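> Structure file run.csv (CSV, C-alpha atoms) is given on the next line.
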chain,number,residue,atom,x,y,z
A,230,MET,CA,-2.6,-25.6,7.9
A,231,LYS,CA,-3.0,-23.2,10.9
A,232,LEU,CA,-1.0,-23.9,14.1
A,233,LYS,CA,-4.2,-23.9,16.2
A,234,ILE,CA,-5.3,-26.9,14.1
A,235,LYS,CA,-1.9,-28.4,13.4
A,236,LEU,CA,-0.6,-28.7,17.0
A,237,PRO,CA,-3.8,-30.3,18.5
A,238,LEU,CA,-3.8,-32.8,15.7
A,239,LEU,CA,-0.1,-33.5,16.2
A,240,PHE,CA,-0.6,-34.1,19.9
A,241,LEU,CA,-3.7,-36.3,19.3
A,242,LEU,CA,-1.7,-38.3,16.7
A,243,MET,CA,1.2,-38.8,19.2
A,244,LEU,CA,-1.3,-39.8,21.9
A,245,LEU,CA,-3.0,-42.4,19.6
A,246,ILE,CA,0.4,-43.8,18.7
A,247,LEU,CA,1.3,-44.1,22.3
A,248,MET,CA,-1.9,-45.7,23.3
A,249,PHE,CA,-1.8,-48.1,20.4
A,250,SER,CA,1.8,-49.0,21.2
A,251,ILE,CA,0.9,-49.6,24.9
A,252,GLY,CA,-2.1,-51.7,23.9
A,253,MET,CA,-0.1,-53.9,21.5
A,254,TYR,CA,2.7,-54.3,24.1
A,255,LEU,CA,0.3,-55.3,26.9
A,256,LYS,CA,-1.4,-57.7,24.6
A,257,PHE,CA,1.9,-59.3,23.8
A,258,VAL,CA,2.9,-59.4,27.4
A,259,PHE,CA,-0.3,-61.0,28.6
A,260,ALA,CA,-0.2,-63.5,25.8
A,261,VAL,CA,3.3,-64.7,26.7
A,262,TYR,CA,3.3,-64.2,30.5
A,263,SER,CA,0.7,-65.2,33.0
A,264,PRO,CA,-0.6,-62.4,35.3
A,265,ILE,CA,2.0,-61.5,37.9
A,266,SER,CA,0.5,-61.9,41.3
A,267,SER,CA,2.8,-59.7,43.3
A,268,THR,CA,3.2,-56.1,44.4
A,269,LEU,CA,3.5,-53.2,41.9
A,270,LEU,CA,7.1,-52.6,43.1
A,271,ASP,CA,8.1,-56.0,41.9
A,272,SER,CA,11.1,-55.8,39.5
A,273,ARG,CA,9.1,-57.7,36.9
A,274,TYR,CA,6.5,-55.0,36.8
A,275,ILE,CA,9.2,-52.4,36.4
A,276,ALA,CA,10.9,-54.3,33.6
A,277,LEU,CA,7.6,-54.5,31.8
A,278,LEU,CA,7.1,-50.7,32.1
A,279,LEU,CA,10.5,-49.8,30.7
A,280,PRO,CA,9.5,-50.2,27.0
A,281,ILE,CA,6.4,-48.1,27.5
A,282,PHE,CA,8.5,-45.4,29.1
A,283,ALA,CA,11.0,-45.6,26.1
A,284,ILE,CA,8.1,-45.2,23.7
A,285,ALA,CA,6.8,-42.2,25.6
A,286,CYS,CA,10.3,-40.6,25.6
A,287,CYS,CA,10.6,-41.1,21.8
A,288,ILE,CA,7.3,-39.4,21.2
A,289,PHE,CA,8.2,-36.6,23.6
A,290,PHE,CA,11.5,-36.2,21.7
A,291,ILE,CA,9.7,-36.0,18.3
A,292,LEU,CA,7.4,-33.3,19.7
A,293,ILE,CA,10.4,-31.3,21.0
A,294,ILE,CA,12.2,-31.6,17.7
A,295,TYR,CA,9.1,-30.4,15.8
A,296,ILE,CA,8.5,-27.4,18.1
A,297,TYR,CA,12.1,-26.4,17.9
A,298,PHE,CA,12.4,-26.5,14.1
A,299,PHE,CA,9.0,-25.4,13.1
A,300,ILE,CA,8.0,-22.9,15.9
A,301,GLU,CA,10.9,-21.8,18.2
A,302,LYS,CA,13.6,-21.5,15.5
A,303,PRO,CA,11.5,-19.4,13.0
A,304,ILE,CA,10.4,-17.1,15.9
A,305,ARG,CA,14.0,-16.7,17.0
A,306,ARG,CA,15.0,-16.0,13.5
A,307,LEU,CA,12.3,-13.3,13.2
A,308,ASN,CA,13.4,-11.8,16.5
A,309,THR,CA,17.0,-11.6,15.3
A,310,ARG,CA,15.9,-10.0,12.1
A,311,LEU,CA,13.9,-7.3,14.0
A,312,GLY,CA,17.2,-6.2,15.5
A,313,GLU,CA,18.8,-6.0,12.0
A,314,VAL,CA,16.1,-4.0,10.2
A,315,ASN,CA,17.9,-1.4,8.0
A,316,VAL,CA,16.0,0.9,5.7
A,317,VAL,CA,19.1,2.3,4.1
A,318,HIS,CA,20.7,-1.1,3.2
A,319,PRO,CA,17.7,-3.5,2.9
A,320,LEU,CA,18.2,-7.2,3.6
A,321,PRO,CA,16.7,-10.0,1.4
A,322,PRO,CA,13.1,-10.8,2.4
A,323,LEU,CA,12.6,-13.5,5.0
A,324,ALA,CA,11.6,-16.8,3.4
A,325,LEU,CA,9.3,-19.3,5.0
A,326,ARG,CA,7.2,-21.7,3.0
A,327,SER,CA,4.7,-22.8,5.7
A,328,ASN,CA,1.2,-21.5,5.5
A,329,ASP,CA,0.5,-21.4,9.2
A,330,GLU,CA,0.4,-18.4,11.5
A,331,ILE,CA,4.2,-18.1,11.6
A,332,GLY,CA,4.3,-18.1,7.8
A,333,GLU,CA,1.7,-15.3,7.8
A,334,LEU,CA,3.8,-13.5,10.4
A,335,TYR,CA,6.8,-13.6,8.1
A,336,LYS,CA,4.7,-12.3,5.2
A,337,HIS,CA,3.5,-9.4,7.3
A,338,PHE,CA,7.0,-8.6,8.5
A,339,ASN,CA,8.3,-8.5,4.9
A,340,LYS,CA,5.4,-6.1,4.0
A,341,MET,CA,6.2,-4.0,7.0
A,342,GLU,CA,9.9,-3.8,6.1
A,343,HIS,CA,9.0,-2.9,2.5
A,344,ARG,CA,6.7,-0.1,3.7
A,345,LEU,CA,9.5,1.2,6.0
A,346,GLN,CA,11.9,1.2,3.1
A,347,LEU,CA,9.3,3.0,0.9
A,348,ALA,CA,8.6,5.6,3.6
A,349,HIS,CA,12.3,6.2,3.9
A,350,ARG,CA,12.7,6.6,0.2
A,351,GLU,CA,9.8,9.0,0.0
A,352,GLN,CA,11.2,11.1,2.8
A,353,THR,CA,14.6,11.3,0.9
A,354,ASP,CA,12.8,12.0,-2.3
A,355,MET,CA,10.7,14.7,-0.6
A,356,ILE,CA,13.8,16.6,0.6
A,357,ALA,CA,15.5,16.2,-2.7
A,358,ALA,CA,12.4,17.3,-4.6
A,359,ILE,CA,11.8,20.4,-2.5
A,360,ALA,CA,15.5,21.4,-2.6
A,361,HIS,CA,15.5,20.9,-6.4
A,362,ASP,CA,12.3,22.7,-7.1
A,363,LEU,CA,13.2,25.7,-4.8
A,364,LYS,CA,16.8,25.8,-6.0
A,365,THR,CA,15.9,26.4,-9.7
A,366,PRO,CA,13.9,29.6,-9.2
A,367,LEU,CA,16.2,30.8,-6.4
A,368,THR,CA,19.2,30.5,-8.7
A,369,SER,CA,17.3,32.6,-11.3
A,370,ILE,CA,16.3,35.2,-8.7
A,371,ASN,CA,19.8,35.5,-7.4
A,372,GLY,CA,21.1,35.9,-10.9
A,373,PHE,CA,18.7,38.6,-11.9
A,374,THR,CA,19.1,40.5,-8.6
A,375,GLU,CA,22.9,40.4,-8.9
A,376,LEU,CA,22.6,41.6,-12.5
A,377,LEU,CA,20.4,44.5,-11.4
A,378,ALA,CA,22.7,45.4,-8.5
A,379,THR,CA,25.9,45.4,-10.7
A,380,HIS,CA,24.5,47.0,-13.8
A,381,LYS,CA,22.7,50.1,-12.6
A,382,ASP,CA,22.8,51.7,-16.0
A,383,LEU,CA,20.5,49.1,-17.6
A,384,PRO,CA,17.6,50.6,-19.6
A,385,GLU,CA,14.3,50.9,-17.8
A,386,THR,CA,12.6,48.4,-20.1
A,387,GLU,CA,15.2,45.8,-19.5
A,388,LYS,CA,15.0,46.3,-15.7
A,389,GLN,CA,11.3,46.0,-15.9
A,390,GLU,CA,11.7,42.6,-17.7
A,391,TYR,CA,14.0,41.4,-15.0
A,392,TYR,CA,11.6,42.5,-12.2
A,393,GLU,CA,8.8,40.6,-13.9
A,394,LEU,CA,10.9,37.5,-14.2
A,395,ILE,CA,11.8,37.7,-10.5
A,396,GLN,CA,8.1,38.1,-9.7
A,397,ARG,CA,7.2,35.1,-11.7
A,398,LYS,CA,9.9,33.0,-10.1
A,399,SER,CA,8.8,34.1,-6.7
A,400,ALA,CA,5.2,33.3,-7.5
A,401,TYR,CA,6.3,29.8,-8.6
A,402,MET,CA,8.1,29.3,-5.3
A,403,VAL,CA,5.0,30.4,-3.4
A,404,GLU,CA,2.9,28.0,-5.4
A,405,LEU,CA,5.3,25.1,-4.6
A,406,ILE,CA,5.3,25.9,-0.9
A,407,ASN,CA,1.4,26.2,-0.9
A,408,ASP,CA,1.1,22.8,-2.6
A,409,PHE,CA,3.3,21.2,0.0
A,410,SER,CA,1.5,22.9,2.8
A,411,SER,CA,-1.9,21.8,1.4
A,412,PHE,CA,-0.6,18.2,1.1
A,413,THR,CA,0.6,18.2,4.8
A,414,LYS,CA,-2.6,19.7,6.0
A,415,GLU,CA,-4.6,17.1,4.0
A,416,LYS,CA,-2.7,14.3,5.7
A,417,LEU,CA,-3.7,15.7,9.1
A,418,GLU,CA,-7.4,16.1,8.0
A,419,LEU,CA,-7.5,12.4,6.9
A,420,GLU,CA,-6.7,11.3,10.4
A,421,SER,CA,-10.0,12.8,11.7
A,422,MET,CA,-12.0,12.1,8.5
A,423,VAL,CA,-15.7,11.3,8.9
A,424,ALA,CA,-17.4,9.2,6.3
A,425,THR,CA,-21.2,9.4,5.6
A,426,PRO,CA,-23.5,7.5,3.2
A,427,VAL,CA,-23.7,9.2,-0.2
A,428,LYS,CA,-25.8,8.2,-3.2
A,429,ALA,CA,-23.4,6.9,-6.0
A,430,THR,CA,-25.7,8.2,-8.8
A,431,GLU,CA,-25.8,11.7,-7.3
A,432,LEU,CA,-22.1,11.9,-6.7
A,433,PHE,CA,-21.3,10.7,-10.2
A,434,GLU,CA,-23.8,13.0,-12.0
A,435,GLU,CA,-22.7,16.0,-10.0
A,436,ILE,CA,-19.1,15.4,-10.8
A,437,ALA,CA,-19.9,14.8,-14.5
A,438,PHE,CA,-22.0,18.0,-14.7
A,439,GLU,CA,-19.3,20.1,-12.9
A,440,TYR,CA,-16.4,19.0,-15.0
A,441,GLU,CA,-18.2,18.7,-18.3
A,442,TYR,CA,-18.5,22.5,-18.5
A,443,GLU,CA,-15.1,23.2,-17.0
A,444,LEU,CA,-13.4,21.0,-19.5
A,445,ALA,CA,-15.5,22.3,-22.4
A,446,GLY,CA,-14.1,25.7,-21.7
A,447,LEU,CA,-10.6,24.2,-22.3
A,448,ASP,CA,-11.9,22.6,-25.5
A,449,ILE,CA,-11.7,19.1,-24.0
A,450,GLU,CA,-14.5,16.6,-24.5
A,451,LEU,CA,-15.8,14.7,-21.4
A,452,THR,CA,-17.7,11.4,-21.9
A,453,CYS,CA,-19.4,9.9,-18.9
A,454,ARG,CA,-21.4,6.7,-18.2
A,455,HIS,CA,-22.2,4.6,-15.2
A,456,SER,CA,-24.3,1.6,-14.2
A,457,PHE,CA,-25.2,2.7,-10.6
A,458,THR,CA,-28.8,2.5,-9.3
A,459,ASP,CA,-30.4,4.9,-6.8
A,460,SER,CA,-30.1,2.3,-4.1
A,461,ILE,CA,-26.3,2.2,-4.1
A,462,ARG,CA,-24.7,4.3,-1.4
A,463,LEU,CA,-21.1,4.9,-0.8
A,464,MET,CA,-19.5,5.3,2.6
A,465,VAL,CA,-17.2,8.4,2.0
A,466,ASN,CA,-16.2,11.8,3.0
A,467,GLU,CA,-17.6,13.7,0.0
A,468,PRO,CA,-15.3,16.8,0.1
A,469,MET,CA,-12.2,14.5,0.1
A,470,ILE,CA,-13.6,12.4,-2.8
A,471,ARG,CA,-14.4,15.5,-4.8
A,472,ARG,CA,-10.7,16.5,-4.3
A,473,VAL,CA,-9.7,13.1,-5.8
A,474,PHE,CA,-11.8,13.8,-8.9
A,475,GLY,CA,-10.4,17.3,-9.1
A,476,ASN,CA,-6.8,16.0,-9.0
A,477,LEU,CA,-7.4,13.4,-11.6
A,478,PHE,CA,-9.1,15.7,-14.1
A,479,SER,CA,-6.4,18.3,-13.4
A,480,ASN,CA,-3.7,15.7,-14.0
A,481,ALA,CA,-5.3,14.6,-17.3
A,482,VAL,CA,-5.5,18.2,-18.5
A,483,ARG,CA,-2.0,19.1,-17.5
A,484,TYR,CA,-0.2,16.1,-18.9
A,485,GLY,CA,-2.6,14.8,-21.6
A,486,GLY,CA,-0.2,16.3,-24.2
A,487,LYS,CA,-2.7,16.3,-27.0
A,488,ASN,CA,-4.5,19.1,-28.9
A,489,LYS,CA,-7.9,17.3,-29.2
A,490,LEU,CA,-7.9,15.7,-25.8
A,491,LYS,CA,-10.8,13.6,-24.7
A,492,VAL,CA,-11.5,12.4,-21.1
A,493,TYR,CA,-13.7,9.5,-20.2
A,494,MET,CA,-15.3,8.9,-16.8
A,495,THR,CA,-16.9,5.5,-15.9
A,496,GLY,CA,-18.6,4.1,-12.9
A,497,TYR,CA,-19.7,0.6,-12.1
A,498,LEU,CA,-20.3,-1.8,-9.2
A,499,ARG,CA,-18.3,-4.9,-8.3
A,500,GLU,CA,-19.1,-7.0,-5.2
A,501,HIS,CA,-18.9,-4.6,-2.2
A,502,TYR,CA,-17.2,-1.7,-3.9
A,503,ALA,CA,-18.0,1.0,-6.4
A,504,TYR,CA,-15.4,1.6,-9.1
A,505,PHE,CA,-14.6,4.8,-10.9
A,506,GLN,CA,-12.3,5.2,-13.9
A,507,ILE,CA,-10.8,8.4,-15.3
A,508,GLU,CA,-9.2,7.8,-18.7
A,509,ASP,CA,-7.9,10.0,-21.6
A,510,ASN,CA,-6.6,9.6,-25.1
A,511,GLY,CA,-3.4,11.6,-24.4
A,512,ILE,CA,0.2,10.5,-24.7
A,513,GLY,CA,0.0,8.2,-21.7
A,514,VAL,CA,2.7,7.0,-19.4
A,515,PRO,CA,5.4,4.4,-20.1
A,516,ASP,CA,4.5,1.0,-18.5
A,517,LYS,CA,7.6,1.0,-16.3
A,518,GLU,CA,6.5,4.3,-14.7
A,519,LEU,CA,2.9,3.3,-13.9
A,520,SER,CA,3.7,1.7,-10.5
A,521,SER,CA,5.6,4.9,-9.4
A,522,LEU,CA,2.9,7.4,-10.3
A,523,PHE,CA,1.5,7.5,-6.8
A,524,LEU,CA,4.8,8.2,-5.1
A,525,LYS,CA,5.2,11.6,-3.5
A,526,PHE,CA,7.1,14.1,-5.7
A,527,PHE,CA,7.3,11.7,-8.7
A,528,THR,CA,6.8,13.0,-12.2
A,529,VAL,CA,7.4,11.2,-15.4
A,530,ASP,CA,9.1,14.2,-17.1
A,531,GLN,CA,10.9,16.7,-14.9
A,532,SER,CA,11.0,19.3,-17.7
A,533,ARG,CA,7.2,18.9,-18.2
A,534,GLN,CA,6.7,19.4,-14.5
A,535,ILE,CA,8.5,22.8,-14.6
A,536,GLN,CA,6.5,23.9,-17.6
A,537,LYS,CA,3.1,22.7,-16.2
A,538,GLY,CA,3.8,23.5,-12.5
A,539,GLY,CA,3.1,21.3,-9.5
A,540,LEU,CA,5.2,19.2,-7.1
A,541,GLY,CA,4.0,15.8,-8.2
A,542,LEU,CA,1.7,15.5,-5.1
A,543,GLY,CA,-1.7,15.2,-6.9
A,544,LEU,CA,-1.7,11.4,-7.4
A,545,ALA,CA,0.0,10.8,-4.0
A,546,SER,CA,-2.8,12.8,-2.5
A,547,CYS,CA,-5.4,10.7,-4.3
A,548,LYS,CA,-3.8,7.5,-3.0
A,549,SER,CA,-3.9,8.7,0.6
A,550,ILE,CA,-7.5,9.7,0.4
A,551,ILE,CA,-8.7,6.5,-1.3
A,552,GLU,CA,-6.7,4.2,1.0
A,553,HIS,CA,-8.1,6.0,4.1
A,554,HIS,CA,-11.6,5.2,2.7
A,555,GLY,CA,-10.6,1.5,2.5
A,556,GLY,CA,-10.3,1.5,-1.3
A,557,GLU,CA,-7.6,1.0,-3.8
A,558,ILE,CA,-6.3,3.1,-6.7
A,559,VAL,CA,-4.2,1.9,-9.7
A,560,ALA,CA,-2.9,3.3,-12.9
A,561,TYR,CA,-3.0,1.4,-16.2
A,562,PRO,CA,-2.7,2.0,-20.0
A,563,SER,CA,-6.1,3.2,-21.2
A,564,GLU,CA,-7.8,1.5,-24.2
A,565,TYR,CA,-8.2,5.0,-25.6
A,566,GLY,CA,-4.4,5.4,-25.9
A,567,GLY,CA,-3.6,7.5,-22.8
A,568,LEU,CA,-3.5,7.0,-19.1
A,569,GLY,CA,-6.2,5.4,-17.0
A,570,ILE,CA,-6.8,5.7,-13.3
A,571,ARG,CA,-9.1,3.3,-11.5
A,572,PHE,CA,-10.1,3.6,-7.8
A,573,SER,CA,-12.6,1.8,-5.6
A,574,LEU,CA,-14.8,3.0,-2.7
A,575,PRO,CA,-16.6,0.9,-0.2
A,576,LEU,CA,-20.4,0.6,-0.2
A,577,ALA,CA,-22.4,1.7,2.8
A,578,VAL,CA,-23.8,-1.2,4.9
A,579,HIS,CA,-27.6,-1.4,4.8
A,580,ARG,CA,-29.2,-1.6,8.2
Could you spell out this file's structure in structure tokens?

Amino acid sequence: MKLKIKLPLLFLLMLLILMFSIGMYLKFVFAVYSPISSTLLDSRYIALLLPIFAIACCIFFILIIYIYFFIEKPIRRLNTRLGEVNVVHPLPPLALRSNDEIGELYKHFNKMEHRLQLAHREQTDMIAAIAHDLKTPLTSINGFTELLATHKDLPETEKQEYYELIQRKSAYMVELINDFSSFTKEKLELESMVATPVKATELFEEIAFEYEYELAGLDIELTCRHSFTDSIRLMVNEPMIRRVFGNLFSNAVRYGGKNKLKVYMTGYLREHYAYFQIEDNGIGVPDKELSSLFLKFFTVDQSRQIQKGGLGLGLASCKSIIEHHGGEIVAYPSEYGGLGIRFSLPLAVHR
């Protein structure tokens, strides 16, 4: 029960108990004693009022105890915890079983603390990932340049091979830096994102048409189906949403890990959201890794990342875009045997 309901009810209950007690007491007094014909300062009046005063004090004491244990103490505990927030060595979540506003405040605080810890971990992972991904090609480049500098009598064909390796490693480093720059630029663009109404059928069919031919060139079959009607409109930034589809299809192609790969795109309506699913029949992702797929710089297989390229920012980018639109994105094991990604987008409000 909410505090705005609970407290007035509590005070009303205490008031009723007080009035009932006074009424019963006065009834008893006038039944036993005849009316006292004297001044109000008479000691007999004062003696009669003492029990009423005692009842009022008891009720006041009960209210004070309740406010202390159920309002003041939880708030003081939360205030103390605010000064102890530590993202490096996280403390156990605050526990409060009440379902009032203070209970909700505790829940929101725990969520906030979890987000802070997650952000700190992502920052640490970001530095480690960039350092690792740049260190590997840099080590190779340093090795090849040192070899060329110390062995000047190498055959020209061998020198040319080393030059080409250095060039490929340098190009890979440039690609990594460009990916990271694009991701940071996208985060800034999302802050000023403008959403407009877009027909769900048109968006779905245009995406299907575009990627059907693109995937066919890679010998990958794309199957599409949706249940949208022409009246359904989405409130989205279309270039950003197209970027989400691009990242998801690219991810399926890169990491599908199957010769005869098939990709499935589905669209449907549920309540006030339109849902889209991109699934494949590839090798999939272990269940324990599904919840981490949208973390920045996360890849299931580091060796596969080096072979296929990329920083592991594609799905993190999708998550940022979808959440800025007010939707959600999740990963799940597809019924086709591979990975499934489902995301939702809000419908435009009809006016």
> Pick out the closest residue to Tyr502 in chain A from this set: A:Asp516, A:Glu435, A:Glu375, A:Glu557. Count only C-alpha atoms.
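Comparing A:Asp516, A:Glu435, A:Glu375, A:Glu557 against Tyr502 in chain A, the winner is A:Glu557.
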> I'd like the contact shell of Arg310 in chain A - 12 Å cut-off, all atoms listed in the file, skipping same-chain residues fewer than 2 positions apart - returned as a list in words.
Pro303, Ile304, Arg305, Arg306, Leu307, Asn308, Gly312, Glu313, Val314, Asn315, Pro319, Leu320, Pro321, Pro322, Leu323, Ala324, Tyr335, Phe338, Asn339 and Glu342 of chain A
> Next, the residues of the selection above should be written as a PDB file, in the coordinates of the input with C-alpha atoms.

ATOM      1  CA  PRO A 303      11.500 -19.400  13.000  1.00  0.00           C
ATOM      2  CA  ILE A 304      10.400 -17.100  15.900  1.00  0.00           C
ATOM      3  CA  ARG A 305      14.000 -16.700  17.000  1.00  0.00           C
ATOM      4  CA  ARG A 306      15.000 -16.000  13.500  1.00  0.00           C
ATOM      5  CA  LEU A 307      12.300 -13.300  13.200  1.00  0.00           C
ATOM      6  CA  ASN A 308      13.400 -11.800  16.500  1.00  0.00           C
ATOM      7  CA  GLY A 312      17.200  -6.200  15.500  1.00  0.00           C
ATOM      8  CA  GLU A 313      18.800  -6.000  12.000  1.00  0.00           C
ATOM      9  CA  VAL A 314      16.100  -4.000  10.200  1.00  0.00           C
ATOM     10  CA  ASN A 315      17.900  -1.400   8.000  1.00  0.00           C
ATOM     11  CA  PRO A 319      17.700  -3.500   2.900  1.00  0.00           C
ATOM     12  CA  LEU A 320      18.200  -7.200   3.600  1.00  0.00           C
ATOM     13  CA  PRO A 321      16.700 -10.000   1.400  1.00  0.00           C
ATOM     14  CA  PRO A 322      13.100 -10.800   2.400  1.00  0.00           C
ATOM     15  CA  LEU A 323      12.600 -13.500   5.000  1.00  0.00           C
ATOM     16  CA  ALA A 324      11.600 -16.800   3.400  1.00  0.00           C
ATOM     17  CA  TYR A 335       6.800 -13.600   8.100  1.00  0.00           C
ATOM     18  CA  PHE A 338       7.000  -8.600   8.500  1.00  0.00           C
ATOM     19  CA  ASN A 339       8.300  -8.500   4.900  1.00  0.00           C
ATOM     20  CA  GLU A 342       9.900  -3.800   6.100  1.00  0.00           C
TER      21      GLU A 342
END
> Show which residues sit within 12 Å of Val403 in chain A, as a VMD selection string. Count all atoms listed in the file, and ignore same-chain residues fewer than 4 positions away.
chain A and resid 362 to 363 366 to 367 396 to 399 407 to 410 538 to 540
> Pick out the closest residue to Lys489 in chain A from this set: A:Gly475, A:Gly511, A:Gly543, A:Pro468. Count only C-alpha atoms.
A:Gly511
> Grab the CA of Asn328 in chain A to CA of Ile294 in chain A distance for me, in Å with one decimal place.
19.3 Å
> Using only C-alpha atoms, find the one residue out of A:Phe299, A:Thr430, A:Val482, A:Leu568 that sits nearest to Asp459 in chain A.
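Closest to Asp459 in chain A, using only C-alpha atoms: A:Thr430.
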> Env of Ile436 in chain A: 8 Å cut, atoms = all atoms listed in the file, seq-sep filter 4 positions within chain, self excluded. Answer as a list in words.
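Using all atoms listed in the file, the neighbours found are Leu432, Tyr440, Arg471 and Phe474 of chain A.
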> N, CA, C and O atoms are what I want for range 454-469 of chain A; can you complete it accordingly and write them as a PDB file, in the frame of the given file?

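result-v2.pdb, written as the output of this step:
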ATOM      1  N   ARG A 454     -20.331   7.747 -18.271  1.00  0.00           N
ATOM      2  CA  ARG A 454     -21.400   6.700 -18.200  1.00  0.00           C
ATOM      3  C   ARG A 454     -21.174   5.899 -16.937  1.00  0.00           C
ATOM      4  O   ARG A 454     -20.054   5.731 -16.461  1.00  0.00           O
ATOM      5  N   HIS A 455     -22.294   5.417 -16.391  1.00  0.00           N
ATOM      6  CA  HIS A 455     -22.200   4.600 -15.200  1.00  0.00           C
ATOM      7  C   HIS A 455     -23.359   3.601 -15.165  1.00  0.00           C
ATOM      8  O   HIS A 455     -24.337   3.728 -15.913  1.00  0.00           O
ATOM      9  N   SER A 456     -23.247   2.601 -14.311  1.00  0.00           N
ATOM     10  CA  SER A 456     -24.300   1.600 -14.200  1.00  0.00           C
ATOM     11  C   SER A 456     -24.817   1.503 -12.748  1.00  0.00           C
ATOM     12  O   SER A 456     -25.299   0.464 -12.306  1.00  0.00           O
ATOM     13  N   PHE A 457     -24.687   2.618 -12.003  1.00  0.00           N
ATOM     14  CA  PHE A 457     -25.200   2.700 -10.600  1.00  0.00           C
ATOM     15  C   PHE A 457     -26.715   2.781 -10.607  1.00  0.00           C
ATOM     16  O   PHE A 457     -27.318   3.324 -11.528  1.00  0.00           O
ATOM     17  N   THR A 458     -27.324   2.297  -9.528  1.00  0.00           N
ATOM     18  CA  THR A 458     -28.800   2.500  -9.300  1.00  0.00           C
ATOM     19  C   THR A 458     -28.943   3.422  -8.106  1.00  0.00           C
ATOM     20  O   THR A 458     -28.001   3.666  -7.342  1.00  0.00           O
ATOM     21  N   ASP A 459     -30.156   3.911  -7.918  1.00  0.00           N
ATOM     22  CA  ASP A 459     -30.400   4.900  -6.800  1.00  0.00           C
ATOM     23  C   ASP A 459     -30.252   4.238  -5.446  1.00  0.00           C
ATOM     24  O   ASP A 459     -30.116   4.950  -4.453  1.00  0.00           O
ATOM     25  N   SER A 460     -30.268   2.917  -5.374  1.00  0.00           N
ATOM     26  CA  SER A 460     -30.100   2.300  -4.100  1.00  0.00           C
ATOM     27  C   SER A 460     -28.692   2.105  -3.598  1.00  0.00           C
ATOM     28  O   SER A 460     -28.443   1.764  -2.450  1.00  0.00           O
ATOM     29  N   ILE A 461     -27.758   2.370  -4.492  1.00  0.00           N
ATOM     30  CA  ILE A 461     -26.300   2.200  -4.100  1.00  0.00           C
ATOM     31  C   ILE A 461     -25.825   3.427  -3.420  1.00  0.00           C
ATOM     32  O   ILE A 461     -25.883   4.544  -3.941  1.00  0.00           O
ATOM     33  N   ARG A 462     -25.313   3.214  -2.225  1.00  0.00           N
ATOM     34  CA  ARG A 462     -24.700   4.300  -1.400  1.00  0.00           C
ATOM     35  C   ARG A 462     -23.290   4.000  -1.098  1.00  0.00           C
ATOM     36  O   ARG A 462     -22.946   2.863  -0.823  1.00  0.00           O
ATOM     37  N   LEU A 463     -22.484   5.047  -1.102  1.00  0.00           N
ATOM     38  CA  LEU A 463     -21.100   4.900  -0.800  1.00  0.00           C
ATOM     39  C   LEU A 463     -20.811   5.469   0.607  1.00  0.00           C
ATOM     40  O   LEU A 463     -21.447   6.437   1.036  1.00  0.00           O
ATOM     41  N   MET A 464     -19.854   4.854   1.311  1.00  0.00           N
ATOM     42  CA  MET A 464     -19.500   5.300   2.600  1.00  0.00           C
ATOM     43  C   MET A 464     -18.213   6.192   2.468  1.00  0.00           C
ATOM     44  O   MET A 464     -17.091   5.663   2.464  1.00  0.00           O
ATOM     45  N   VAL A 465     -18.379   7.505   2.303  1.00  0.00           N
ATOM     46  CA  VAL A 465     -17.200   8.400   2.000  1.00  0.00           C
ATOM     47  C   VAL A 465     -17.329   9.704   2.661  1.00  0.00           C
ATOM     48  O   VAL A 465     -18.365  10.091   3.195  1.00  0.00           O
ATOM     49  N   ASN A 466     -16.201  10.400   2.635  1.00  0.00           N
ATOM     50  CA  ASN A 466     -16.200  11.800   3.000  1.00  0.00           C
ATOM     51  C   ASN A 466     -16.230  12.582   1.668  1.00  0.00           C
ATOM     52  O   ASN A 466     -15.251  12.609   0.914  1.00  0.00           O
ATOM     53  N   GLU A 467     -17.375  13.174   1.363  1.00  0.00           N
ATOM     54  CA  GLU A 467     -17.600  13.700   0.000  1.00  0.00           C
ATOM     55  C   GLU A 467     -16.612  14.802  -0.379  1.00  0.00           C
ATOM     56  O   GLU A 467     -16.114  14.776  -1.515  1.00  0.00           O
ATOM     57  N   PRO A 468     -16.271  15.774   0.488  1.00  0.00           N
ATOM     58  CA  PRO A 468     -15.300  16.800   0.100  1.00  0.00           C
ATOM     59  C   PRO A 468     -13.941  16.170  -0.336  1.00  0.00           C
ATOM     60  O   PRO A 468     -13.304  16.607  -1.297  1.00  0.00           O
ATOM     61  N   MET A 469     -13.511  15.138   0.397  1.00  0.00           N
ATOM     62  CA  MET A 469     -12.200  14.500   0.100  1.00  0.00           C
ATOM     63  C   MET A 469     -12.326  13.769  -1.289  1.00  0.00           C
ATOM     64  O   MET A 469     -11.399  13.830  -2.096  1.00  0.00           O
TER      65      MET A 469
END
